[in-house]
$ cat input37.cif   # mmCIF, C-alpha atoms
data_coords
loop_
_atom_site.label_atom_id
_atom_site.label_comp_id
_atom_site.auth_asym_id
_atom_site.auth_seq_id
_atom_site.Cartn_x
_atom_site.Cartn_y
_atom_site.Cartn_z
CA VAL A 22 -10.00 29.85 12.38
CA LYS A 23 -13.03 27.56 12.21
CA HIS A 24 -13.33 25.17 9.29
CA LYS A 25 -16.63 23.49 10.11
CA ALA A 26 -17.82 23.39 6.48
CA TYR A 27 -14.57 21.83 5.22
CA ILE A 28 -14.39 19.35 8.10
CA GLY A 29 -18.04 18.37 7.50
CA LEU A 30 -17.46 17.90 3.76
CA PHE A 31 -14.27 15.85 4.27
CA SER A 32 -15.91 13.69 6.95
CA LEU A 33 -18.88 13.00 4.66
CA LEU A 34 -16.69 12.08 1.70
CA ILE A 35 -14.32 9.90 3.74
CA LEU A 36 -17.26 8.13 5.41
CA THR A 37 -18.91 7.52 2.02
CA TYR A 38 -15.61 6.14 0.70
CA LEU A 39 -15.29 3.79 3.69
CA LEU A 40 -18.90 2.60 3.51
CA LEU A 41 -18.68 1.96 -0.23
CA ASN A 42 -15.62 -0.22 0.30
CA ILE A 43 -16.62 -1.94 3.52
CA LEU A 44 -20.30 -2.70 3.05
CA VAL A 45 -20.11 -3.83 -0.57
CA ALA A 46 -19.14 -7.49 -1.04
CA PRO A 47 -15.82 -8.05 -2.86
CA ASP A 48 -16.04 -8.74 -6.58
CA LYS A 49 -16.20 -12.51 -7.36
CA VAL A 50 -13.89 -12.13 -10.36
CA THR A 51 -11.21 -10.54 -8.16
CA LEU A 52 -11.62 -13.28 -5.53
CA ALA A 53 -11.11 -15.97 -8.17
CA HIS A 54 -8.20 -14.09 -9.77
CA TYR A 55 -6.21 -13.91 -6.53
CA HIS A 56 -7.56 -17.18 -5.04
CA LEU A 57 -8.95 -15.37 -2.04
CA SER A 58 -11.64 -16.32 0.44
CA LEU A 59 -14.31 -13.74 1.23
CA ALA A 60 -12.83 -13.16 4.71
CA GLY A 61 -9.32 -12.86 3.29
CA ALA A 62 -10.45 -10.31 0.71
CA ARG A 63 -12.25 -8.29 3.38
CA ALA A 64 -9.13 -8.30 5.59
CA ILE A 65 -7.07 -6.96 2.68
CA ILE A 66 -9.69 -4.33 1.80
CA TYR A 67 -9.75 -3.13 5.44
CA SER A 68 -5.95 -3.01 5.53
CA VAL A 69 -6.00 -0.66 2.55
CA VAL A 70 -9.10 1.52 2.90
CA PHE A 71 -8.59 2.46 6.56
CA PRO A 72 -5.02 3.73 5.98
CA ILE A 73 -6.30 5.58 2.88
CA ALA A 74 -9.04 7.21 4.94
CA PHE A 75 -6.45 8.17 7.57
CA ILE A 76 -4.17 9.58 4.84
CA TYR A 77 -7.01 11.69 3.41
CA ALA A 78 -7.87 12.94 6.89
CA SER A 79 -4.22 13.84 7.53
CA GLY A 80 -4.06 15.58 4.13
CA ALA A 81 -7.13 17.65 4.97
CA TYR A 82 -5.64 18.45 8.38
CA GLY A 83 -2.36 19.55 6.77
CA ALA A 84 -4.10 21.76 4.20
CA LEU A 85 -6.27 23.38 6.88
CA MET A 86 -3.16 23.98 9.02
CA VAL A 87 -1.55 25.80 6.07
CA LYS A 88 -4.77 27.85 5.65
CA ASP A 89 -4.73 28.68 9.38
CA TYR A 90 -1.13 29.81 9.15
CA ALA A 91 -1.91 31.90 6.05
CA TYR A 92 -4.75 33.57 7.96
CA ILE A 93 -2.47 34.47 10.88
CA ILE A 94 0.09 36.08 8.53
CA ARG A 95 -2.51 37.47 6.10
CA LYS A 96 -1.14 41.03 6.33
CA SER A 97 2.44 40.00 5.54
CA LYS A 98 4.14 39.80 2.13
CA GLU A 99 4.10 36.00 2.02
CA GLY A 100 0.56 35.71 3.45
CA ARG A 101 -1.18 35.81 0.06
CA ALA A 102 1.15 33.25 -1.54
CA ILE A 103 0.83 30.83 1.41
CA ASN A 104 -2.97 31.24 1.31
CA ILE A 105 -3.05 30.33 -2.39
CA LEU A 106 -0.83 27.35 -1.62
CA GLY A 107 -3.21 26.31 1.18
CA ASN A 108 -6.18 26.59 -1.21
CA GLY A 109 -4.36 24.40 -3.72
CA LEU A 110 -3.54 21.76 -1.12
CA LEU A 111 -7.12 21.82 0.13
CA LEU A 112 -8.45 21.35 -3.42
CA LEU A 113 -5.94 18.56 -4.06
CA VAL A 114 -6.91 16.50 -1.03
CA LEU A 115 -10.62 17.23 -1.58
CA PHE A 116 -10.39 16.06 -5.18
CA GLN A 117 -8.37 12.99 -4.15
CA VAL A 118 -11.12 11.91 -1.74
CA LEU A 119 -13.79 12.79 -4.29
CA THR A 120 -12.21 10.82 -7.14
CA SER A 121 -11.56 7.81 -4.86
CA THR A 122 -15.18 7.86 -3.69
CA LEU A 123 -16.45 8.21 -7.25
CA GLY A 124 -14.11 5.39 -8.34
CA SER A 125 -15.59 3.10 -5.66
CA LEU A 126 -19.10 4.17 -6.67
CA LEU A 127 -18.29 3.52 -10.33
CA ALA A 128 -17.12 -0.03 -9.51
CA LEU A 129 -20.39 -0.65 -7.66
CA VAL A 130 -22.61 0.77 -10.41
CA VAL A 131 -20.79 -1.13 -13.14
CA ARG A 132 -21.35 -4.41 -11.28
CA HIS A 133 -25.11 -3.89 -11.72
CA TYR A 134 -25.00 -2.14 -15.11
CA PRO A 135 -21.98 -3.56 -17.00
CA SER A 136 -22.93 -1.70 -20.20
CA TRP A 137 -22.21 1.63 -18.46
CA LEU A 138 -18.56 0.74 -17.87
CA SER A 139 -17.06 2.57 -20.85
CA THR A 140 -19.11 5.79 -20.45
CA LEU A 141 -18.55 6.02 -16.70
CA THR A 142 -14.84 5.25 -17.03
CA ILE A 143 -14.38 8.00 -19.63
CA ILE A 144 -16.28 10.52 -17.46
CA ASN A 145 -14.29 9.46 -14.39
CA ASN A 146 -10.95 9.76 -16.22
CA TYR A 147 -11.68 13.27 -17.52
CA LEU A 148 -13.07 14.39 -14.17
CA ALA A 149 -9.85 13.22 -12.48
CA ILE A 150 -7.75 15.16 -15.02
CA ALA A 151 -9.82 18.34 -14.66
CA LEU A 152 -9.80 18.25 -10.86
CA SER A 153 -6.11 17.44 -10.43
CA GLY A 154 -5.28 20.06 -13.09
CA LEU A 155 -7.21 22.69 -11.16
CA ALA A 156 -5.60 21.75 -7.81
CA PHE A 157 -2.05 21.62 -9.18
CA GLY A 158 -2.66 24.86 -11.11
CA VAL A 159 -3.55 26.67 -7.89
CA ILE A 160 -0.57 25.11 -6.05
CA ALA A 161 1.76 26.14 -8.88
CA TYR A 162 0.42 29.70 -8.81
CA GLY A 163 0.97 29.91 -5.04
CA ALA A 164 4.49 28.51 -5.33
CA TRP A 165 5.31 30.93 -8.14
CA GLN A 166 4.08 33.88 -6.02
CA LEU A 167 6.20 32.66 -3.11
CA LEU A 168 9.32 32.36 -5.27
CA ASP A 169 8.66 35.85 -6.61
CA LEU A 170 9.27 37.21 -3.09
CA VAL A 171 12.93 36.13 -3.15
CA ARG A 172 13.45 37.21 -6.78
CA TYR A 173 15.24 34.05 -7.82
CA ARG A 174 16.31 33.30 -11.38
CA VAL A 175 16.47 29.60 -12.23
CA ARG A 176 19.99 28.60 -13.27
CA ALA A 177 20.75 26.82 -16.55
CA TYR A 178 21.86 23.54 -14.91
CA GLU A 179 18.66 23.46 -12.83
CA GLN A 180 16.61 23.90 -15.99
CA HIS A 181 18.54 21.11 -17.74
CA LEU A 182 18.14 18.78 -14.77
CA MET A 183 14.41 19.45 -14.62
CA THR A 184 14.07 18.91 -18.38
CA PHE A 185 16.01 15.62 -18.18
CA PHE A 186 13.90 14.43 -15.24
CA PHE A 187 10.76 15.26 -17.11
CA ILE A 188 11.80 13.61 -20.35
CA ALA A 189 12.48 10.47 -18.28
CA ILE A 190 9.02 10.57 -16.67
CA SER A 191 7.36 11.19 -20.05
CA ALA A 192 9.23 8.30 -21.64
CA ILE A 193 8.33 5.89 -18.82
CA TYR A 194 4.69 6.98 -18.89
CA THR A 195 4.54 6.60 -22.67
CA TYR A 196 6.07 3.12 -22.29
CA PHE A 197 3.26 2.06 -19.96
CA ILE A 198 0.65 3.38 -22.38
CA VAL A 199 2.27 1.74 -25.42
CA ILE A 200 2.68 -1.72 -23.85
CA GLN A 201 -1.07 -2.04 -23.19
CA PRO A 202 -2.58 -4.96 -25.17
CA ILE A 203 -3.83 -3.81 -28.57
CA HIS A 204 -7.17 -5.62 -28.16
CA PRO A 205 -7.73 -5.84 -24.41
CA THR A 206 -10.70 -7.59 -22.86
CA PRO A 207 -13.33 -5.18 -21.43
CA ALA A 208 -12.10 -5.96 -17.89
CA HIS A 209 -8.59 -4.85 -18.84
CA ARG A 210 -9.54 -1.67 -20.64
CA ILE A 211 -8.47 1.49 -18.91
CA TYR A 212 -9.57 4.30 -21.18
CA PHE A 213 -12.15 2.92 -23.68
CA MET A 214 -10.94 5.42 -26.27
CA PRO A 215 -8.75 5.36 -29.39
CA ASN A 216 -5.02 5.61 -28.67
CA TRP A 217 -4.62 9.02 -30.32
CA LEU A 218 -7.37 10.44 -28.10
CA VAL A 219 -5.75 8.91 -25.00
CA MET A 220 -2.43 10.43 -26.02
CA PHE A 221 -3.75 13.94 -26.65
CA THR A 222 -6.45 14.29 -24.02
CA ILE A 223 -5.12 12.15 -21.17
CA ALA A 224 -1.37 11.50 -21.42
CA ILE A 225 -0.28 14.99 -22.46
CA PRO A 226 -2.53 16.86 -19.96
CA TYR A 227 -1.30 14.57 -17.15
CA LEU A 228 2.31 15.16 -18.08
CA PHE A 229 1.71 18.91 -18.04
CA ILE A 230 -0.08 18.69 -14.66
CA TRP A 231 2.83 16.68 -13.20
CA TYR A 232 5.27 19.17 -14.64
CA ILE A 233 3.62 22.13 -12.89
CA GLY A 234 3.31 20.05 -9.72
CA ILE A 235 6.99 19.11 -9.66
CA LEU A 236 7.94 22.67 -10.56
CA ALA A 237 5.81 23.97 -7.64
CA ALA A 238 7.52 21.61 -5.19
CA TYR A 239 10.89 22.72 -6.54
CA GLN A 240 9.96 26.43 -6.31
CA ILE A 241 8.94 26.03 -2.65
CA HIS A 242 12.24 24.27 -2.03
CA ILE A 243 14.13 27.18 -3.68
CA TYR A 244 12.14 29.71 -1.62
CA GLN A 245 12.97 27.76 1.52
CA ARG A 246 16.65 27.75 0.52
CA LYS A 247 16.82 31.47 -0.27
CA VAL A 248 14.76 32.86 2.60
CA LYS A 249 16.46 33.75 5.88
CA GLY A 250 15.73 32.18 9.27
CA THR A 251 17.04 28.89 10.66
CA ILE A 252 13.78 27.99 12.44
CA TYR A 253 11.51 29.30 9.66
CA LYS A 254 13.43 27.41 6.95
CA GLY A 255 13.32 24.19 8.94
CA SER A 256 9.53 24.37 9.24
CA LEU A 257 9.03 25.35 5.61
CA ASN A 258 11.20 22.45 4.51
CA TYR A 259 8.62 19.99 5.89
CA ILE A 260 5.99 21.61 3.65
CA ALA A 261 8.30 21.50 0.60
CA LEU A 262 9.16 17.83 1.22
CA GLY A 263 5.52 16.98 1.90
CA LEU A 264 4.39 18.64 -1.30
CA THR A 265 7.05 16.73 -3.27
CA ALA A 266 5.75 13.46 -1.80
CA VAL A 267 2.13 14.41 -2.58
CA VAL A 268 3.04 15.29 -6.19
CA LEU A 269 5.02 12.05 -6.54
CA SER A 270 2.14 10.04 -5.13
CA SER A 271 -0.23 11.61 -7.64
CA ILE A 272 2.16 10.54 -10.41
CA ILE A 273 2.38 7.04 -8.91
CA ILE A 274 -1.44 6.69 -8.82
CA ARG A 275 -1.55 7.49 -12.54
CA PHE A 276 1.28 5.09 -13.31
CA LEU A 277 -0.51 2.36 -11.35
CA ALA A 278 -3.75 3.03 -13.22
CA THR A 279 -1.96 2.95 -16.58
CA ALA A 280 0.01 -0.16 -15.69
CA SER A 281 -2.97 -1.92 -14.12
CA THR A 282 -3.06 -4.59 -16.82
CA GLN A 283 0.52 -5.53 -15.97
CA ILE A 284 -0.16 -5.29 -12.23
CA ASP A 285 -3.14 -7.63 -12.60
CA ARG A 286 -0.75 -10.33 -13.80
CA LEU A 287 1.28 -10.11 -10.59
CA LYS A 288 0.60 -12.24 -7.54
CA LEU A 289 -1.16 -10.73 -4.55
CA THR A 290 1.97 -10.05 -2.46
CA PRO A 291 3.69 -7.75 -5.00
CA VAL A 292 0.37 -5.98 -5.64
CA LEU A 293 -0.06 -5.35 -1.91
CA PHE A 294 3.57 -4.27 -1.66
CA ILE A 295 2.99 -1.66 -4.40
CA ILE A 296 -0.20 -0.41 -2.70
CA TYR A 297 1.40 -0.17 0.76
CA ALA A 298 4.50 1.58 -0.64
CA PHE A 299 2.21 4.13 -2.27
CA LEU A 300 0.27 4.58 0.99
CA VAL A 301 3.51 5.20 2.90
CA ILE A 302 4.63 7.90 0.41
CA ILE A 303 1.34 9.80 0.34
CA GLY A 304 0.90 9.42 4.11
CA ALA A 305 4.40 10.73 4.81
CA GLY A 306 3.75 13.65 2.45
CA ASN A 307 0.51 14.69 4.12
CA LEU A 308 1.92 14.34 7.63
CA SER A 309 5.00 16.31 6.65
CA ILE A 310 2.83 19.20 5.36
CA ALA A 311 0.76 19.13 8.56
CA TRP A 312 3.88 19.07 10.74
CA GLY A 313 5.54 21.93 8.84
CA ALA A 314 2.40 24.09 8.97
CA ARG A 315 2.02 23.40 12.72
CA LYS A 316 5.62 24.48 13.31
CA LEU A 317 5.16 27.65 11.23
CA ARG A 318 1.98 28.46 13.15
CA LYS A 319 3.77 27.97 16.44
CA ILE A 320 6.29 30.67 15.48
CA GLU A 321 3.34 33.07 15.25
CA GLU A 322 1.87 31.99 18.56
CA VAL A 323 4.74 32.39 21.02
CA MET B 28 5.06 54.60 9.06
CA VAL B 29 7.62 55.49 11.76
CA ALA B 30 11.31 55.15 10.82
CA LYS B 31 13.18 52.60 12.89
CA SER B 32 16.24 53.44 14.94
CA LYS B 33 19.58 51.71 14.35
CA LEU B 34 18.99 49.53 17.41
CA GLN B 35 15.56 48.45 16.20
CA GLU B 36 16.94 47.69 12.75
CA GLN B 37 19.72 45.60 14.30
CA ILE B 38 17.25 43.66 16.47
CA LEU B 39 15.15 42.89 13.39
CA GLU B 40 18.15 41.97 11.26
CA ILE B 41 19.49 39.55 13.88
CA SER B 42 16.01 38.08 14.42
CA ARG B 43 15.56 37.50 10.68
CA ASP B 44 18.57 35.17 10.78
CA TYR B 45 16.57 32.85 13.03
CA LEU B 46 12.94 33.53 12.21
CA GLY B 47 13.05 34.74 8.61
CA PRO B 48 9.93 36.62 7.46
CA ALA B 49 8.29 35.88 10.84
CA ALA B 50 10.93 37.92 12.71
CA GLU B 51 9.20 41.31 12.71
CA ARG B 52 5.90 39.85 13.92
CA PHE B 53 7.72 37.81 16.59
CA ILE B 54 9.60 40.83 17.96
CA GLU B 55 6.54 43.08 17.89
CA ARG B 56 4.58 40.43 19.79
CA GLN B 57 7.28 40.09 22.47
CA VAL B 58 7.52 43.86 22.92
CA ASN B 59 3.76 44.47 22.94
CA THR B 60 2.90 41.55 25.21
CA HIS B 61 5.76 41.59 27.70
CA LEU B 62 7.07 45.16 27.72
CA LYS B 63 3.61 46.70 27.05
CA LYS B 64 5.23 49.02 24.54
CA ASP B 65 5.38 49.68 20.86
CA PHE B 66 8.45 48.23 19.10
CA ASN B 67 9.24 51.66 17.64
CA SER B 68 9.61 53.11 21.13
CA ILE B 69 12.06 50.62 22.64
CA THR B 70 15.47 51.79 23.80
CA LYS B 71 18.73 50.16 24.88
CA SER B 72 17.46 49.96 28.46
CA ASP B 73 14.58 47.70 27.36
CA VAL B 74 16.77 45.22 25.56
CA VAL B 75 17.89 43.13 28.57
CA LYS B 76 14.30 42.52 29.65
CA LEU B 77 13.26 41.92 26.03
CA VAL B 78 16.04 39.38 25.55
CA ASP B 79 14.87 37.47 28.64
CA TRP B 80 11.40 37.13 27.12
CA ILE B 81 12.76 36.32 23.68
CA ARG B 82 14.94 33.60 25.21
CA LEU B 83 11.86 32.03 26.82
CA SER B 84 9.69 32.28 23.71
CA PHE B 85 12.39 31.18 21.29
CA ALA B 86 13.17 28.14 23.45
CA LEU B 87 9.60 26.98 22.78
CA LEU B 88 10.44 26.81 19.07
CA THR B 89 13.67 24.84 19.25
CA ASN B 90 15.44 22.32 21.46
CA ASP B 91 18.80 23.68 20.33
CA SER B 92 19.97 25.55 23.44
CA GLN B 93 23.11 26.75 21.67
CA LEU B 94 20.95 28.47 19.07
CA VAL B 95 18.86 30.12 21.79
CA ASP B 96 22.02 31.35 23.57
CA GLU B 97 23.54 32.59 20.32
CA TYR B 98 20.41 34.57 19.43
CA ALA B 99 20.19 36.13 22.90
CA GLU B 100 23.90 36.93 22.96
CA ARG B 101 23.75 38.65 19.57
CA LEU B 102 20.85 40.83 20.69
CA LEU B 103 22.70 41.85 23.86
CA GLU B 104 25.85 42.61 21.85
CA ALA B 105 23.79 44.80 19.52
CA ALA B 106 22.38 46.71 22.49
CA LYS B 107 25.92 47.36 23.70
CA GLY B 108 26.73 48.69 20.24
CA ASN B 109 29.13 45.81 19.67
CA SER B 110 28.36 43.50 16.77
CA SER B 111 31.88 42.63 15.60
CA LYS B 112 31.83 39.05 16.85
CA SER B 113 31.24 36.56 14.06
CA TYR B 114 28.43 34.01 14.23
CA SER B 115 27.52 30.98 12.19
CA ARG B 116 24.36 32.64 10.82
#
$ encode --input "input37.cif" --output "structure tokens"
Amino acid sequence: VKHKAYIGLFSLLILTYLLLNILVAPDKVTLAHYHLSLAGARAIIYSVVFPIAFIYASGAYGALMVKDYAYIIRKSKEGRAINILGNGLLLLVLFQVLTSTLGSLLALVVRHYPSWLSTLTIINNYLAIALSGLAFGVIAYGAWQLLDLVRYRVRAYEQHLMTFFFIAISAIYTYFIVIQPIHPTPAHRIYFMPNWLVMFTIAIPYLFIWYIGILAAYQIHIYQRKVKGTIYKGSLNYIALGLTAVVLSSIIIRFLATASTQIDRLKLTPVLFIIYAFLVIIGAGNLSIAWGARKLRKIEEV
Amino acid sequence: MVAKSKLQEQILEISRDYLGPAAERFIERQVNTHLKKDFNSITKSDVVKLVDWIRLSFALLTNDSQLVDEYAERLLEAAKGNSSKSYSR
């Protein structure tokens, strides 16, 4: 299956992201904050943006592999569900690249027009919610369709465990929102909105999006557990694990954004450690999805 | 849709243990490509040749030679009408 349009779009977005981060001089405030030279800051930026670009490329590759596999098995029972899942993954990685590129663009624009900061931040925040909600919604629908094939009823203890896990995530997320300074400086503002509006239109939608994302990863895991076939299950497990890592990384990004005021207070080494840890998780997730889809496709090729 | 014989059902059932939902497509591909036949028309006399091809193709999907041998052995047992031996899967 040819994916020239997708590959062209991804290449364009990734290239724009790289150019925006490489060609634009680092912010003087950031240099002073971390006591960095210009060359040092550039070295750090390169060490982050190139892996991110690679991760996005691997994510796109993984999603297209899943789409390819879905096309091969399009006449089978699970073909439709896998295709929906592939669409969701494709949207997720596309939106991740898009929001990163827009974020870099926003930083550049705001440097020249500081008064636009609040408006652009609000638009960017809502755009990120809408896009990740759409992507996770499609993934959740695909996972639900897949689980429907094995007619599995979720057990009570699984439901309790999921509820407990989710209460914990909600509580931690709320903690990060609550501990923000009451009167932050403009540089430390994240949302530029009243707290109640942040709670109802950002925090709650994100929690719901994460919930359906985690549920989707869990449903794929259940499907993988219930379906027959040693080789098939092994390949599908890579996709389930990859999706879990991708969902977790999306949660981590949000946590990092919410806790950015606290992170700003840290020294450079811990900040870089957090960023690299996040890159490892999302990279492993994308590669795992690509590997699993490749293995599934191979079953259909021999 | 043509009804499958007991042998064909057994081949599919055994294959599902290793290839899950991909089993039917895998078997049909092996039969069509290598035996130049339709899966619904295979008989016991085709099974030995089919198993040889399956062994080759399946080995491309896994490095576990024991698993390959087990799969092949189960198919041959089924062709002999003997499926009493117990297997891990």
$ closest_atom_pairs --input "input37.cif" --of "chain B" --to "range 85-101 of chain A" --cutoff "9 Å" --atoms "all atoms listed in the file" --output "Markdown table"
| residue | atom | partner | partner_atom | distance |
| --- | --- | --- | --- | --- |
| B:Pro48 | CA | A:Glu99 | CA | 8.0 |
| B:Ala49 | CA | A:Ile94 | CA | 8.5 |
| B:Arg52 | CA | A:Ile94 | CA | 8.8 |
$ resolve_selection --input "input37.cif" --expression "the PyMOL selection byres ((chain A) within 9 of (chain B))" --output "number ranges by chain"
A: 94, 97-99, 248-254, 316-317, 319-323
$ atom_distance --input "input37.cif" --atom1 "CA of Phe221 in chain A" --atom2 "CA of Phe185 in chain A"
21.6 Å
$ residues_around --input "input37.cif" --residues "Ile295 in chain A" --least-positions-apart "2" --cutoff "12 Å" --atoms "all atoms listed in the file" --output "list in words"
Val69, Ser270, Ile273, Ile274, Phe276, Leu277, Ala280, Ser281, Ile284, Asp285, Leu287, Lys288, Leu289, Thr290, Pro291, Val292, Leu293, Tyr297, Ala298, Phe299, Leu300, Val301 and Ile302 of chain A
$ residues_around --input "input37.cif" --residues "Leu103 in chain B" --least-positions-apart "6" --cutoff "12 Å" --atoms "all atoms listed in the file" --output "list in words"
Leu34, Gln37, Ile38, Ile41, Lys71, Ser72, Asp73, Val74, Val75, Lys76, Leu77, Val78, Asp79, Ile81, Arg82, Asp96, Glu97, Asn109, Ser110 and Lys112 of chain B
$ write_last_selection --input "input37.cif" --atoms "C-alpha atoms" --output "compact mmCIF listing (two decimals), in the frame of the given file"
# COMPACT_ATOMS: atom_id res chain seq x y z
CA LEU B 34 18.99 49.53 17.41
CA GLN B 37 19.72 45.60 14.30
CA ILE B 38 17.25 43.66 16.47
CA ILE B 41 19.49 39.55 13.88
CA LYS B 71 18.73 50.16 24.88
CA SER B 72 17.46 49.96 28.46
CA ASP B 73 14.58 47.70 27.36
CA VAL B 74 16.77 45.22 25.56
CA VAL B 75 17.89 43.13 28.57
CA LYS B 76 14.30 42.52 29.65
CA LEU B 77 13.26 41.92 26.03
CA VAL B 78 16.04 39.38 25.55
CA ASP B 79 14.87 37.47 28.64
CA ILE B 81 12.76 36.32 23.68
CA ARG B 82 14.94 33.60 25.21
CA ASP B 96 22.02 31.35 23.57
CA GLU B 97 23.54 32.59 20.32
CA ASN B 109 29.13 45.81 19.67
CA SER B 110 28.36 43.50 16.77
CA LYS B 112 31.83 39.05 16.85
$ atom_distance --input "input37.cif" --atom1 "CA of Ile211 in chain A" --atom2 "CA of Val267 in chain A"
23.4 Å
$ resolve_selection --input "input37.cif" --expression "the PyMOL selection byres ((chain A and resi 160) around 10)" --output "VMD selection string"
chain A and resid 102 to 113 154 to 159 161 to 166 233 to 234 236 to 238 264
$ resolve_selection --input "input37.cif" --expression "the PyMOL selection byres ((chain A and resi 265) around 8)" --output "number ranges by chain"
A: 235, 238-239, 261-264, 266-269, 306
$ write_last_selection --input "input37.cif" --atoms "C-alpha atoms" --output "PDB file, in the coordinates of the input"
ATOM      1  CA  ILE A 235       6.990  19.110  -9.660  1.00  0.00           C
ATOM      2  CA  ALA A 238       7.520  21.610  -5.190  1.00  0.00           C
ATOM      3  CA  TYR A 239      10.890  22.720  -6.540  1.00  0.00           C
ATOM      4  CA  ALA A 261       8.300  21.500   0.600  1.00  0.00           C
ATOM      5  CA  LEU A 262       9.160  17.830   1.220  1.00  0.00           C
ATOM      6  CA  GLY A 263       5.520  16.980   1.900  1.00  0.00           C
ATOM      7  CA  LEU A 264       4.390  18.640  -1.300  1.00  0.00           C
ATOM      8  CA  ALA A 266       5.750  13.460  -1.800  1.00  0.00           C
ATOM      9  CA  VAL A 267       2.130  14.410  -2.580  1.00  0.00           C
ATOM     10  CA  VAL A 268       3.040  15.290  -6.190  1.00  0.00           C
ATOM     11  CA  LEU A 269       5.020  12.050  -6.540  1.00  0.00           C
ATOM     12  CA  GLY A 306       3.750  13.650   2.450  1.00  0.00           C
TER      13      GLY A 306
END
$ atom_distance --input "input37.cif" --atom1 "CA of Glu36 in chain B" --atom2 "CA of Leu62 in chain B"
18.1 Å
$ closest_residue --input "input37.cif" --among "B:Ala30, B:Ser92, B:Ala99, B:Ile69" --to "Glu55 in chain B" --atoms "only C-alpha atoms"
B:Ile69
$ closest_residue --input "input37.cif" --among "A:Ser68, A:Thr222, A:Thr37, A:Thr279" --to "Val118 in chain A" --atoms "all atoms listed in the file"
A:Thr37
$ build_atoms --input "input37.cif" --residues "range 213-229 of chain A" --atoms "N, CA and C atoms" --output "PDB file, in the frame of the given file"
ATOM      1  N   PHE A 213     -11.010   3.104 -22.759  1.00  0.00           N
ATOM      2  CA  PHE A 213     -12.150   2.920 -23.680  1.00  0.00           C
ATOM      3  C   PHE A 213     -12.179   4.000 -24.759  1.00  0.00           C
ATOM      4  N   MET A 214     -11.019   4.380 -25.234  1.00  0.00           N
ATOM      5  CA  MET A 214     -10.940   5.420 -26.270  1.00  0.00           C
ATOM      6  C   MET A 214      -9.836   5.049 -27.247  1.00  0.00           C
ATOM      7  N   PRO A 215      -9.862   5.625 -28.468  1.00  0.00           N
ATOM      8  CA  PRO A 215      -8.750   5.360 -29.390  1.00  0.00           C
ATOM      9  C   PRO A 215      -7.430   5.889 -28.818  1.00  0.00           C
ATOM     10  N   ASN A 216      -6.335   5.242 -29.225  1.00  0.00           N
ATOM     11  CA  ASN A 216      -5.020   5.610 -28.670  1.00  0.00           C
ATOM     12  C   ASN A 216      -4.666   7.085 -28.856  1.00  0.00           C
ATOM     13  N   TRP A 217      -5.004   7.613 -30.068  1.00  0.00           N
ATOM     14  CA  TRP A 217      -4.620   9.020 -30.320  1.00  0.00           C
ATOM     15  C   TRP A 217      -5.342   9.960 -29.349  1.00  0.00           C
ATOM     16  N   LEU A 218      -6.597   9.594 -29.011  1.00  0.00           N
ATOM     17  CA  LEU A 218      -7.370  10.440 -28.100  1.00  0.00           C
ATOM     18  C   LEU A 218      -6.804  10.335 -26.666  1.00  0.00           C
ATOM     19  N   VAL A 219      -6.377   9.120 -26.325  1.00  0.00           N
ATOM     20  CA  VAL A 219      -5.750   8.910 -25.000  1.00  0.00           C
ATOM     21  C   VAL A 219      -4.481   9.752 -24.912  1.00  0.00           C
ATOM     22  N   MET A 220      -3.710   9.704 -26.002  1.00  0.00           N
ATOM     23  CA  MET A 220      -2.430  10.430 -26.020  1.00  0.00           C
ATOM     24  C   MET A 220      -2.645  11.945 -25.850  1.00  0.00           C
ATOM     25  N   PHE A 221      -3.591  12.482 -26.645  1.00  0.00           N
ATOM     26  CA  PHE A 221      -3.750  13.940 -26.650  1.00  0.00           C
ATOM     27  C   PHE A 221      -4.575  14.492 -25.498  1.00  0.00           C
ATOM     28  N   THR A 222      -5.552  13.709 -25.037  1.00  0.00           N
ATOM     29  CA  THR A 222      -6.450  14.290 -24.020  1.00  0.00           C
ATOM     30  C   THR A 222      -6.236  13.723 -22.617  1.00  0.00           C
ATOM     31  N   ILE A 223      -5.395  12.677 -22.514  1.00  0.00           N
ATOM     32  CA  ILE A 223      -5.120  12.150 -21.170  1.00  0.00           C
ATOM     33  C   ILE A 223      -3.622  12.202 -20.854  1.00  0.00           C
ATOM     34  N   ALA A 224      -2.814  11.573 -21.715  1.00  0.00           N
ATOM     35  CA  ALA A 224      -1.370  11.500 -21.420  1.00  0.00           C
ATOM     36  C   ALA A 224      -0.726  12.877 -21.374  1.00  0.00           C
ATOM     37  N   ILE A 225      -0.942  13.674 -22.413  1.00  0.00           N
ATOM     38  CA  ILE A 225      -0.280  14.990 -22.460  1.00  0.00           C
ATOM     39  C   ILE A 225      -0.775  15.906 -21.337  1.00  0.00           C
ATOM     40  N   PRO A 226      -2.104  16.024 -21.100  1.00  0.00           N
ATOM     41  CA  PRO A 226      -2.530  16.860 -19.960  1.00  0.00           C
ATOM     42  C   PRO A 226      -1.933  16.382 -18.629  1.00  0.00           C
ATOM     43  N   TYR A 227      -1.878  15.046 -18.412  1.00  0.00           N
ATOM     44  CA  TYR A 227      -1.300  14.570 -17.150  1.00  0.00           C
ATOM     45  C   TYR A 227       0.168  14.959 -17.025  1.00  0.00           C
ATOM     46  N   LEU A 228       0.887  14.806 -18.130  1.00  0.00           N
ATOM     47  CA  LEU A 228       2.310  15.160 -18.080  1.00  0.00           C
ATOM     48  C   LEU A 228       2.487  16.639 -17.747  1.00  0.00           C
ATOM     49  N   PHE A 229       1.616  17.462 -18.328  1.00  0.00           N
ATOM     50  CA  PHE A 229       1.710  18.910 -18.040  1.00  0.00           C
ATOM     51  C   PHE A 229       1.359  19.177 -16.564  1.00  0.00           C
TER      52      PHE A 229
END
